Structure formats: C-alpha cells, structure tokens
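> start-v7.pdb (PDB, C-alpha atoms) pasted underneath:
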```pdb
ATOM      1  CA  MET A   1      64.553 -15.137  51.704  1.00  0.00           C
ATOM      2  CA  MET A   2      62.108 -17.955  52.479  1.00  0.00           C
ATOM      3  CA  LYS A   3      58.407 -17.447  52.021  1.00  0.00           C
ATOM      4  CA  GLU A   4      56.365 -17.809  55.201  1.00  0.00           C
ATOM      5  CA  LYS A   5      53.945 -20.750  55.229  1.00  0.00           C
ATOM      6  CA  ARG A   6      50.301 -19.874  55.981  1.00  0.00           C
ATOM      7  CA  GLU A   7      48.411 -22.138  58.368  1.00  0.00           C
ATOM      8  CA  ILE A   8      44.657 -22.648  58.689  1.00  0.00           C
ATOM      9  CA  HIS A   9      43.195 -21.960  62.142  1.00  0.00           C
ATOM     10  CA  THR A  10      39.687 -23.257  62.859  1.00  0.00           C
ATOM     11  CA  ILE A  11      37.892 -21.559  65.750  1.00  0.00           C
ATOM     12  CA  ASP A  12      34.575 -22.606  67.300  1.00  0.00           C
ATOM     13  CA  ALA A  13      32.629 -19.453  68.238  1.00  0.00           C
ATOM     14  CA  THR A  14      30.141 -21.218  70.541  1.00  0.00           C
ATOM     15  CA  GLY A  15      29.735 -19.184  73.746  1.00  0.00           C
ATOM     16  CA  LYS A  16      32.614 -16.791  72.951  1.00  0.00           C
ATOM     17  CA  VAL A  17      32.219 -13.026  73.354  1.00  0.00           C
ATOM     18  CA  LEU A  18      32.226 -11.109  70.039  1.00  0.00           C
ATOM     19  CA  GLY A  19      34.967  -8.565  70.821  1.00  0.00           C
ATOM     20  CA  ARG A  20      37.350 -11.003  72.466  1.00  0.00           C
ATOM     21  CA  LEU A  21      36.994 -13.416  69.558  1.00  0.00           C
ATOM     22  CA  ALA A  22      37.559 -10.576  67.070  1.00  0.00           C
ATOM     23  CA  VAL A  23      40.844  -9.647  68.798  1.00  0.00           C
ATOM     24  CA  GLN A  24      42.047 -13.245  68.566  1.00  0.00           C
ATOM     25  CA  ILE A  25      41.118 -13.428  64.864  1.00  0.00           C
ATOM     26  CA  ALA A  26      42.767 -10.078  64.055  1.00  0.00           C
ATOM     27  CA  LEU A  27      46.058 -11.243  65.603  1.00  0.00           C
ATOM     28  CA  LEU A  28      46.010 -14.463  63.552  1.00  0.00           C
ATOM     29  CA  LEU A  29      45.123 -12.650  60.305  1.00  0.00           C
ATOM     30  CA  ARG A  30      47.907 -10.148  60.886  1.00  0.00           C
ATOM     31  CA  GLY A  31      50.535 -12.760  61.818  1.00  0.00           C
ATOM     32  CA  LYS A  32      51.538 -11.216  65.148  1.00  0.00           C
ATOM     33  CA  HIS A  33      51.780 -14.677  66.730  1.00  0.00           C
ATOM     34  CA  LYS A  34      54.759 -15.559  64.527  1.00  0.00           C
ATOM     35  CA  PRO A  35      58.340 -14.834  65.627  1.00  0.00           C
ATOM     36  CA  SER A  36      59.171 -13.480  62.160  1.00  0.00           C
ATOM     37  CA  PHE A  37      56.446 -10.767  62.279  1.00  0.00           C
ATOM     38  CA  PHE A  38      56.997  -7.468  60.438  1.00  0.00           C
ATOM     39  CA  PRO A  39      54.306  -4.738  60.584  1.00  0.00           C
ATOM     40  CA  TYR A  40      54.723  -3.876  56.890  1.00  0.00           C
ATOM     41  CA  LYS A  41      54.415  -7.487  55.615  1.00  0.00           C
ATOM     42  CA  ASP A  42      51.283  -9.551  55.086  1.00  0.00           C
ATOM     43  CA  MET A  43      52.284 -12.817  56.753  1.00  0.00           C
ATOM     44  CA  GLY A  44      49.100 -13.829  58.578  1.00  0.00           C
ATOM     45  CA  ASP A  45      47.240 -17.125  58.447  1.00  0.00           C
ATOM     46  CA  PHE A  46      43.811 -18.264  57.276  1.00  0.00           C
ATOM     47  CA  VAL A  47      41.048 -18.295  59.911  1.00  0.00           C
ATOM     48  CA  VAL A  48      37.855 -20.363  59.648  1.00  0.00           C
ATOM     49  CA  ILE A  49      35.072 -19.636  62.148  1.00  0.00           C
ATOM     50  CA  ARG A  50      32.364 -22.184  62.953  1.00  0.00           C
ATOM     51  CA  ASN A  51      29.031 -21.791  64.829  1.00  0.00           C
ATOM     52  CA  ILE A  52      28.833 -17.999  64.486  1.00  0.00           C
ATOM     53  CA  LYS A  53      25.116 -18.047  65.339  1.00  0.00           C
ATOM     54  CA  LYS A  54      26.037 -19.198  68.863  1.00  0.00           C
ATOM     55  CA  ILE A  55      28.324 -16.205  69.541  1.00  0.00           C
ATOM     56  CA  LYS A  56      27.718 -14.296  72.774  1.00  0.00           C
ATOM     57  CA  LEU A  57      27.045 -10.560  73.064  1.00  0.00           C
ATOM     58  CA  THR A  58      27.366  -8.918  76.471  1.00  0.00           C
ATOM     59  CA  GLY A  59      24.970  -6.361  77.913  1.00  0.00           C
ATOM     60  CA  LYS A  60      22.117  -5.009  75.782  1.00  0.00           C
ATOM     61  CA  LYS A  61      24.162  -4.721  72.588  1.00  0.00           C
ATOM     62  CA  MET A  62      21.705  -6.807  70.576  1.00  0.00           C
ATOM     63  CA  GLU A  63      18.971  -4.184  71.094  1.00  0.00           C
ATOM     64  CA  LYS A  64      20.992  -0.956  71.474  1.00  0.00           C
ATOM     65  CA  LYS A  65      24.070  -1.196  69.191  1.00  0.00           C
ATOM     66  CA  VAL A  66      23.635   0.629  65.873  1.00  0.00           C
ATOM     67  CA  TYR A  67      25.894   0.694  62.813  1.00  0.00           C
ATOM     68  CA  TYR A  68      26.071   3.816  60.631  1.00  0.00           C
ATOM     69  CA  ARG A  69      27.033   4.329  56.996  1.00  0.00           C
ATOM     70  CA  HIS A  70      27.083   7.454  54.882  1.00  0.00           C
ATOM     71  CA  SER A  71      27.220   7.864  51.109  1.00  0.00           C
ATOM     72  CA  GLY A  72      28.725  11.362  51.268  1.00  0.00           C
ATOM     73  CA  TYR A  73      25.548  13.149  50.174  1.00  0.00           C
ATOM     74  CA  LEU A  74      23.738  15.509  52.542  1.00  0.00           C
ATOM     75  CA  GLY A  75      21.162  13.794  54.711  1.00  0.00           C
ATOM     76  CA  SER A  76      22.075  10.275  53.599  1.00  0.00           C
ATOM     77  CA  LEU A  77      23.125   8.795  56.957  1.00  0.00           C
ATOM     78  CA  LYS A  78      21.759   5.240  57.182  1.00  0.00           C
ATOM     79  CA  THR A  79      21.438   3.283  60.414  1.00  0.00           C
ATOM     80  CA  ILE A  80      20.958  -0.435  60.959  1.00  0.00           C
ATOM     81  CA  SER A  81      20.754  -2.264  64.280  1.00  0.00           C
ATOM     82  CA  LEU A  82      23.023  -5.128  65.282  1.00  0.00           C
ATOM     83  CA  LYS A  83      19.976  -7.350  65.719  1.00  0.00           C
ATOM     84  CA  ARG A  84      18.897  -6.929  62.076  1.00  0.00           C
ATOM     85  CA  ILE A  85      22.400  -7.617  60.728  1.00  0.00           C
ATOM     86  CA  PHE A  86      22.807 -10.632  63.038  1.00  0.00           C
ATOM     87  CA  GLU A  87      19.481 -12.155  61.922  1.00  0.00           C
ATOM     88  CA  LYS A  88      20.363 -11.668  58.260  1.00  0.00           C
ATOM     89  CA  ASN A  89      24.055 -12.656  58.363  1.00  0.00           C
ATOM     90  CA  PRO A  90      25.817 -13.303  61.710  1.00  0.00           C
ATOM     91  CA  GLY A  91      29.184 -13.600  59.954  1.00  0.00           C
ATOM     92  CA  LYS A  92      28.928  -9.964  58.828  1.00  0.00           C
ATOM     93  CA  VAL A  93      28.861  -8.769  62.468  1.00  0.00           C
ATOM     94  CA  LEU A  94      32.077 -10.643  63.254  1.00  0.00           C
ATOM     95  CA  GLU A  95      33.668  -9.472  60.004  1.00  0.00           C
ATOM     96  CA  MET A  96      32.929  -5.815  60.797  1.00  0.00           C
ATOM     97  CA  ALA A  97      34.375  -6.212  64.313  1.00  0.00           C
ATOM     98  CA  VAL A  98      37.591  -7.735  62.926  1.00  0.00           C
ATOM     99  CA  TRP A  99      37.749  -5.130  60.130  1.00  0.00           C
ATOM    100  CA  GLY A 100      37.911  -2.334  62.708  1.00  0.00           C
ATOM    101  CA  MET A 101      40.790  -4.057  64.529  1.00  0.00           C
ATOM    102  CA  LEU A 102      43.050  -4.515  61.508  1.00  0.00           C
ATOM    103  CA  PRO A 103      45.574  -1.804  60.548  1.00  0.00           C
ATOM    104  CA  LYS A 104      44.155   0.990  58.423  1.00  0.00           C
ATOM    105  CA  ASN A 105      46.354   0.535  55.360  1.00  0.00           C
ATOM    106  CA  LYS A 106      46.449  -1.329  52.034  1.00  0.00           C
ATOM    107  CA  LEU A 107      47.057  -4.680  53.738  1.00  0.00           C
ATOM    108  CA  ARG A 108      43.694  -4.615  55.548  1.00  0.00           C
ATOM    109  CA  ALA A 109      41.641  -5.717  52.511  1.00  0.00           C
ATOM    110  CA  LYS A 110      44.048  -8.588  51.824  1.00  0.00           C
ATOM    111  CA  MET A 111      43.942  -9.740  55.440  1.00  0.00           C
ATOM    112  CA  ILE A 112      40.144  -9.766  55.740  1.00  0.00           C
ATOM    113  CA  LYS A 113      39.883 -12.003  52.644  1.00  0.00           C
ATOM    114  CA  ARG A 114      41.565 -14.783  54.617  1.00  0.00           C
ATOM    115  CA  LEU A 115      38.683 -14.816  57.142  1.00  0.00           C
ATOM    116  CA  LYS A 116      36.054 -17.452  56.350  1.00  0.00           C
ATOM    117  CA  CYS A 117      32.797 -17.404  58.322  1.00  0.00           C
ATOM    118  CA  LYS A 118      30.735 -20.613  58.200  1.00  0.00           C
TER
END
```
Take the structure in this file and express it as structure tokens.


Amino acid sequence: MMKEKREIHTIDATGKVLGRLAVQIALLLRGKHKPSFFPYKDMGDFVVIRNIKKIKLTGKKMEKKVYYRHSGYLGSLKTISLKRIFEKNPGKVLEMAVWGMLPKNKLRAKMIKRLKCK
C-alpha cells in the first residue's frame, strides 16, 4: 500500500469569516478533499494561515462571545472574552474554532499539529 503524500496549503485569512475559514481548514487537515479518504486514517495535509489579524467576525461576537474552561474543582469556572484572546493571540481563536470541528478521537491532536498560524 502506497503512503499518501501530504501537501502544504497556504491560505490568506484577509477578510474571511472565522467559522467559514475554520470549516475549510478542518476539511484540509482531515483529508476529506482526497479521493482516497478513510475516516479512520490520518491522511490530511499541512495548512499555513497568513494575515490572521485581518480575519472577519460577524455580528457582535468580538464583544459578546465568551470562552469557558473548568479545572474540575468546585467553583473554578473561568471565562475569557474573544476580544482578549484575539488581542493576545489571534491564531489561538482560529485554532480553537478548528479544534471543535475536528473529530473527537485520538487523531484530533495529530491533525491540529499540522495547522500553522502566522
């Protein structure tokens, strides 16, 4: 059986909507665009994203969207707004959007490593 060759896709994020771009990236990372796709195999490509600071968010997401995380201890729910994450690291926002769109199995961590945000 031949090993599938991984390509490098470079995407310019200027003016693109966050969710729609994340869907496109998730498909490339997963390898669904290839005719030899199998759901249980990791055959996706590398994806490089440029100009993440110029990404577009629709509506009032920048002010209203909140991300939650919990350590498991009582009363330890932490919240952080999209605006604060975007100011600190805009690539993290895109990474979290793509992370949620990848399959929830052991391949997800391997797939997200092939995403490079510049």

> Looking at A:Asn105, A:Ser36, A:Thr58, A:Asn51, which one is nearest to Leu18 (chain A), with distances taken over only C-alpha atoms?

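Distance minimum relative to Leu18 (chain A) lands on A:Thr58.
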
> To test your reading of the syntax: which residues would the PyMOL selection byres ((chain A and resi 46) around 7) return for the file shown? Reply as a list of chain:residue names.

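That selection, the PyMOL selection byres ((chain A and resi 46) around 7), comes back as A:Arg6, A:Glu7, A:Ile8, A:His9, A:Leu29, A:Asp45, A:Val47, A:Val48, A:Arg114, A:Leu115.
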
> Mind giving me the straight-line distance from CA of Tyr67 (chain A) to CA of Ala22 (chain A) in Å, one decimal?

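CA of Tyr67 (chain A) sits 16.8 Å away from CA of Ala22 (chain A).
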
> Step by step, work through what the PyMOL selection byres ((chain A and resi 92-94) around 12) selects in the shown file, and finish by giving those residues as an MDAnalysis selection string.

chainID A and resid 13 16:26 48:57 61:62 65:67 80:91 95:101 112 115:118

> So which one's closest to Lys113 (chain A), A:Arg30, A:Phe37, A:Gly59, A:Leu77? Using all atoms listed in the file, please.

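Nearest candidate to Lys113 (chain A) out of A:Arg30, A:Phe37, A:Gly59, A:Leu77: A:Arg30.
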
> Rounded to one decimal in Å, what is the spacing between CA of Lys32 (chain A) and CA of Gly44 (chain A)?

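If I compute the distance from CA of Lys32 (chain A) to CA of Gly44 (chain A), I get 7.5 Å.
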
> Could you expand the PyMOL selection byres ((chain A and resi 107) around 10) into the explicit residues it covers here, written as a ChimeraX atom specification?

/A:30,39-42,102-106,108-112

> CA of Phe38 (chain A) to CA of Lys5 (chain A): how many Å, to one decimal?

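If I compute the distance from CA of Phe38 (chain A) to CA of Lys5 (chain A), I get 14.6 Å.
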
> Give the answer as one residue: which of A:Met43, A:Glu63, A:Lys34, A:Leu28 has the shortest atom-to-atom distance to Glu4 (chain A), using all atoms listed in the file?

A:Met43

> I'd like the box whose edges run along x, y and z of the file and which contains every listed atom of region 51-64 of chain A, padded by 8 Å per side; could you state its centre and edge lengths in Å, one decimal, as JSON?


```
{"center_x": 24.0, "center_y": -11.4, "center_z": 71.2, "size_x": 26.1, "size_y": 36.8, "size_z": 29.4}
```
